[in-house]
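Data first, discussion second: the structure below is written as structure tokens.
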Amino acid sequence: MPLRLLGGLHYLVLGGEASWDDPIDAHREFLSEFVREQRVQTNEVQRAWVLTPLFLRVAERTGASSFDVIELGASAGLLLGWDRYRYVYEQGEWGPEGSPLTLSGTERSPVRADLLEQAPTVGRRVGVDLAPIDVTSDEAARLLKCFVWAGQEQRLERLDQAIAAVRKEPPDLVRGDYVEVLPELLSDRDPDALTVVFASATLRYVGDEGVARLRSAFEAAGPGGPLVFVATGKARSGERHWGLRIVYYPGAEREYAGEADYHATWLDWQL
């Protein structure tokens, strides 16, 4: 509830309809409705800096020069456009030089230079979310921005740049519970193309039963064509940050790729 309340006030401030100096009661009617009805929506595009080496590792191991991507819990689908951004790593750079967004961070163990030589392209992009946000609309973009902490200007600037990139070619966004929707999406995929499904920061919300159902969906779909699941989860070190995992189907062969913090400001690459 506090996140919704502050997000609602930030929404008004972004639209020039309120000031941070205003008393909460001055906007009671709007904020009451916002808190009651609006889900928290975040789409931290900095996470693409951590996800991209995972996708490059998939290309390296499978030999795929192109693949389709499905994101579970996509919000506005900004991470679905990962290959349209520019990245800076210790051993080199990756991505289009003319990108409106360049991402970098701290590497505790560097991404290999030869991994950055991989150049996969993306075919179809599909995202699933309970309440997807279409950032081709200024109002929707404002909603996404309001859940970034006020004053974090660098995050807001990254968000604006990612929105500009996504607006040029928006992904397909599906409204629904991804635990329910995934089996259908996997059954409709191109059996001759590699499909990479990924999730960042959302698996915790579906619980053990939801994760078990996702595994069952992958195992059932595995024989139907090449399939990979990229996910963030509990770190092996036991620390409060992400463990980065890749699972290859059929066979459910697993790789532990490293660790990163929740907002992807640092990466410890281990493959």
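Labeling convention for the structure tokens: chains A, B, ... as they appear, residues from 1 per chain, ligands from 1 in order of appearance.
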Enumerate the residues of stretch 35-224 of chain A with a DSSP assignment of strand (DSSP E), computed from the backbone, and present them as an MDAnalysis selection string. chainID A and resid 66:72 86:89 92:94 102:104 106:109 121:129 172:175 194:199
10 Å contact set for A:Arg84, only C-alpha atoms, chain neighbours under 6 positions out, as number ranges by chain: A: 94-102, 121-122, 162, 165-166
Restrict the selected residues to C-alpha atoms and save them as a compact mmCIF listing (two decimals), in the first residue's frame.
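File produced: part.txt:
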# COMPACT_ATOMS: atom_id res chain seq x y z
CA TRP A 94 27.65 -5.23 -27.47
CA GLY A 95 24.57 -3.96 -29.31
CA PRO A 96 23.79 -1.33 -31.94
CA GLU A 97 25.98 1.75 -31.75
CA GLY A 98 23.07 4.05 -32.58
CA SER A 99 20.89 2.86 -29.70
CA PRO A 100 19.17 5.59 -27.65
CA LEU A 101 20.16 3.71 -24.50
CA THR A 102 23.57 2.52 -23.27
CA THR A 121 19.01 -11.79 -33.67
CA VAL A 122 15.48 -11.87 -32.26
CA ALA A 162 14.02 2.57 -23.29
CA ALA A 165 13.39 2.50 -28.33
CA VAL A 166 10.34 0.29 -27.71
Could you tell me which of A:Glu107, A:Glu157, A:Glu29, A:Glu71 comes closest to A:Gly127 if we count only C-alpha atoms?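 Nearest candidate to A:Gly127 out of A:Glu107, A:Glu157, A:Glu29, A:Glu71: A:Glu71.
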Please list as a PyMOL selection string every residue within 9 Å of stretch 53-69 of chain A, counting only C-alpha atoms and excluding residues in the same chain fewer than 6 positions away. chain A and resi 80+111+115-127+189-190+193-198+226+228+230+244-246+248+257+269+271
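As for atom CA of A:Tyr89 and atom CA of A:Ala199, they are spaced 22.4 Å apart.
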Can you work out the spacing between atom CA of A:His241 and atom CA of A:Tyr205 in Å, to one decimal?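 A separation of 16.1 Å between them.
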Which of A:Leu72, A:Leu143, A:Ala264, A:Val135 sits closest to A:Gln161 [using only C-alpha atoms]: A:Val135
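Proximity of A:Arg4, A:Arg112, A:Arg155, A:Arg175 to A:Thr265, computed with only C-alpha atoms, is greatest for A:Arg155.
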DSSP says alpha helix (DSSP H) for which residues of stretch 92-178 of chain A? Put them as a ChimeraX atom specification? /A:138-146,153-168,178
Output of the above residues as a PDB file, in the first residue's frame, restricted to C-alpha atoms:
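Generated file (again_0.pdb):
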ATOM      1  CA  ASP A 138       2.020   8.965 -22.944  1.00  0.00           C
ATOM      2  CA  GLU A 139      -0.461   8.272 -20.151  1.00  0.00           C
ATOM      3  CA  ALA A 140       0.739   4.677 -19.849  1.00  0.00           C
ATOM      4  CA  ALA A 141       4.379   5.790 -19.873  1.00  0.00           C
ATOM      5  CA  ARG A 142       3.578   8.191 -17.039  1.00  0.00           C
ATOM      6  CA  LEU A 143       2.067   5.322 -15.063  1.00  0.00           C
ATOM      7  CA  LEU A 144       5.237   3.264 -15.500  1.00  0.00           C
ATOM      8  CA  LYS A 145       7.450   6.180 -14.474  1.00  0.00           C
ATOM      9  CA  CYS A 146       5.462   6.968 -11.325  1.00  0.00           C
ATOM     10  CA  GLU A 153      16.900  10.815 -12.149  1.00  0.00           C
ATOM     11  CA  GLN A 154      19.244   8.275 -13.757  1.00  0.00           C
ATOM     12  CA  ARG A 155      16.599   5.540 -13.576  1.00  0.00           C
ATOM     13  CA  LEU A 156      13.950   7.898 -14.968  1.00  0.00           C
ATOM     14  CA  GLU A 157      16.277   8.909 -17.804  1.00  0.00           C
ATOM     15  CA  ARG A 158      16.992   5.241 -18.654  1.00  0.00           C
ATOM     16  CA  LEU A 159      13.268   4.585 -18.647  1.00  0.00           C
ATOM     17  CA  ASP A 160      12.601   7.429 -21.087  1.00  0.00           C
ATOM     18  CA  GLN A 161      15.339   6.152 -23.408  1.00  0.00           C
ATOM     19  CA  ALA A 162      14.022   2.572 -23.295  1.00  0.00           C
ATOM     20  CA  ILE A 163      10.476   3.762 -23.982  1.00  0.00           C
ATOM     21  CA  ALA A 164      11.740   5.667 -27.020  1.00  0.00           C
ATOM     22  CA  ALA A 165      13.395   2.496 -28.333  1.00  0.00           C
ATOM     23  CA  VAL A 166      10.340   0.292 -27.706  1.00  0.00           C
ATOM     24  CA  ARG A 167       7.966   2.737 -29.384  1.00  0.00           C
ATOM     25  CA  LYS A 168       9.754   2.213 -32.697  1.00  0.00           C
ATOM     26  CA  TYR A 178       1.556 -16.370 -17.233  1.00  0.00           C
TER      27      TYR A 178
END
Residue contacts of stretch 32-46 of chain A (7 Å, only C-alpha atoms) excluding same-chain residues fewer than 3 positions away, as a PDB file with N, CA and C atoms, in the first residue's frame:
ATOM      1  N   MET A   1       0.798  -1.221   0.000  1.00  0.00           N
ATOM      2  CA  MET A   1       0.000   0.000   0.000  1.00  0.00           C
ATOM      3  C   MET A   1       0.838   1.283   0.000  1.00  0.00           C
ATOM      4  N   ARG A   4       1.934   2.001  -3.499  1.00  0.00           N
ATOM      5  CA  ARG A   4       0.848   2.522  -4.331  1.00  0.00           C
ATOM      6  C   ARG A   4       0.559   3.983  -3.995  1.00  0.00           C
ATOM      7  N   LEU A   5       0.577   4.306  -2.710  1.00  0.00           N
ATOM      8  CA  LEU A   5       0.302   5.678  -2.291  1.00  0.00           C
ATOM      9  C   LEU A   5       1.343   6.644  -2.849  1.00  0.00           C
ATOM     10  N   GLY A   8       1.079   6.938  -6.591  1.00  0.00           N
ATOM     11  CA  GLY A   8      -0.032   7.794  -6.988  1.00  0.00           C
ATOM     12  C   GLY A   8       0.312   9.263  -6.885  1.00  0.00           C
ATOM     13  N   ARG A  28      -6.917  13.376  -1.661  1.00  0.00           N
ATOM     14  CA  ARG A  28      -7.461  12.163  -1.053  1.00  0.00           C
ATOM     15  C   ARG A  28      -8.300  11.331  -2.024  1.00  0.00           C
ATOM     16  N   GLU A  29      -9.177  11.962  -2.765  1.00  0.00           N
ATOM     17  CA  GLU A  29     -10.084  11.212  -3.638  1.00  0.00           C
ATOM     18  C   GLU A  29      -9.312  10.428  -4.702  1.00  0.00           C
ATOM     19  N   TRP A  49      21.144  -5.403 -18.786  1.00  0.00           N
ATOM     20  CA  TRP A  49      22.611  -5.504 -18.758  1.00  0.00           C
ATOM     21  C   TRP A  49      23.053  -6.842 -18.172  1.00  0.00           C
ATOM     22  N   SER A  75       5.426  -6.534 -17.846  1.00  0.00           N
ATOM     23  CA  SER A  75       5.083  -5.124 -17.612  1.00  0.00           C
ATOM     24  C   SER A  75       4.921  -4.430 -18.964  1.00  0.00           C
ATOM     25  N   ALA A  76       5.792  -3.484 -19.303  1.00  0.00           N
ATOM     26  CA  ALA A  76       5.684  -2.781 -20.582  1.00  0.00           C
ATOM     27  C   ALA A  76       6.511  -3.442 -21.686  1.00  0.00           C
ATOM     28  N   LEU A  78       9.832  -3.718 -21.845  1.00  0.00           N
ATOM     29  CA  LEU A  78      11.090  -3.035 -22.157  1.00  0.00           C
ATOM     30  C   LEU A  78      12.254  -4.011 -22.267  1.00  0.00           C
ATOM     31  N   LEU A  79      12.242  -5.086 -21.472  1.00  0.00           N
ATOM     32  CA  LEU A  79      13.328  -6.063 -21.532  1.00  0.00           C
ATOM     33  C   LEU A  79      13.242  -6.928 -22.789  1.00  0.00           C
ATOM     34  N   LEU A 103      23.821   0.867 -21.500  1.00  0.00           N
ATOM     35  CA  LEU A 103      23.790   0.360 -20.132  1.00  0.00           C
ATOM     36  C   LEU A 103      25.163  -0.165 -19.724  1.00  0.00           C
ATOM     37  N   LEU A 144       4.038   4.064 -15.735  1.00  0.00           N
ATOM     38  CA  LEU A 144       5.237   3.264 -15.500  1.00  0.00           C
ATOM     39  C   LEU A 144       6.290   4.072 -14.746  1.00  0.00           C
ATOM     40  N   PHE A 147       6.227   4.744 -10.625  1.00  0.00           N
ATOM     41  CA  PHE A 147       6.675   3.770  -9.635  1.00  0.00           C
ATOM     42  C   PHE A 147       8.200   3.711  -9.504  1.00  0.00           C
ATOM     43  N   LEU A 159      14.619   5.000 -18.290  1.00  0.00           N
ATOM     44  CA  LEU A 159      13.268   4.585 -18.647  1.00  0.00           C
ATOM     45  C   LEU A 159      12.774   5.342 -19.874  1.00  0.00           C
ATOM     46  N   HIS A 263      18.720  -4.842  -8.873  1.00  0.00           N
ATOM     47  CA  HIS A 263      18.554  -3.803  -9.882  1.00  0.00           C
ATOM     48  C   HIS A 263      19.660  -3.837 -10.926  1.00  0.00           C
ATOM     49  N   ALA A 264      20.485  -4.899 -10.892  1.00  0.00           N
ATOM     50  CA  ALA A 264      21.492  -5.154 -11.928  1.00  0.00           C
ATOM     51  C   ALA A 264      22.573  -4.082 -11.996  1.00  0.00           C
TER      52      ALA A 264
END
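Each of A:Ala231, A:Leu31, A:Ile133, A:Leu9 was compared to A:Tyr256 using only C-alpha atoms, and A:Ala231 turns out to be the nearest.
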Using only C-alpha atoms, the shortest atom-to-atom distance to A:Ser216 among A:Lys234, A:Glu180, A:Arg240, A:Trp149 belongs to A:Glu180
Residue contacts of A:Ala252 (10 Å, only C-alpha atoms) excluding same-chain residues fewer than 6 positions away, as a count of residues only: 8
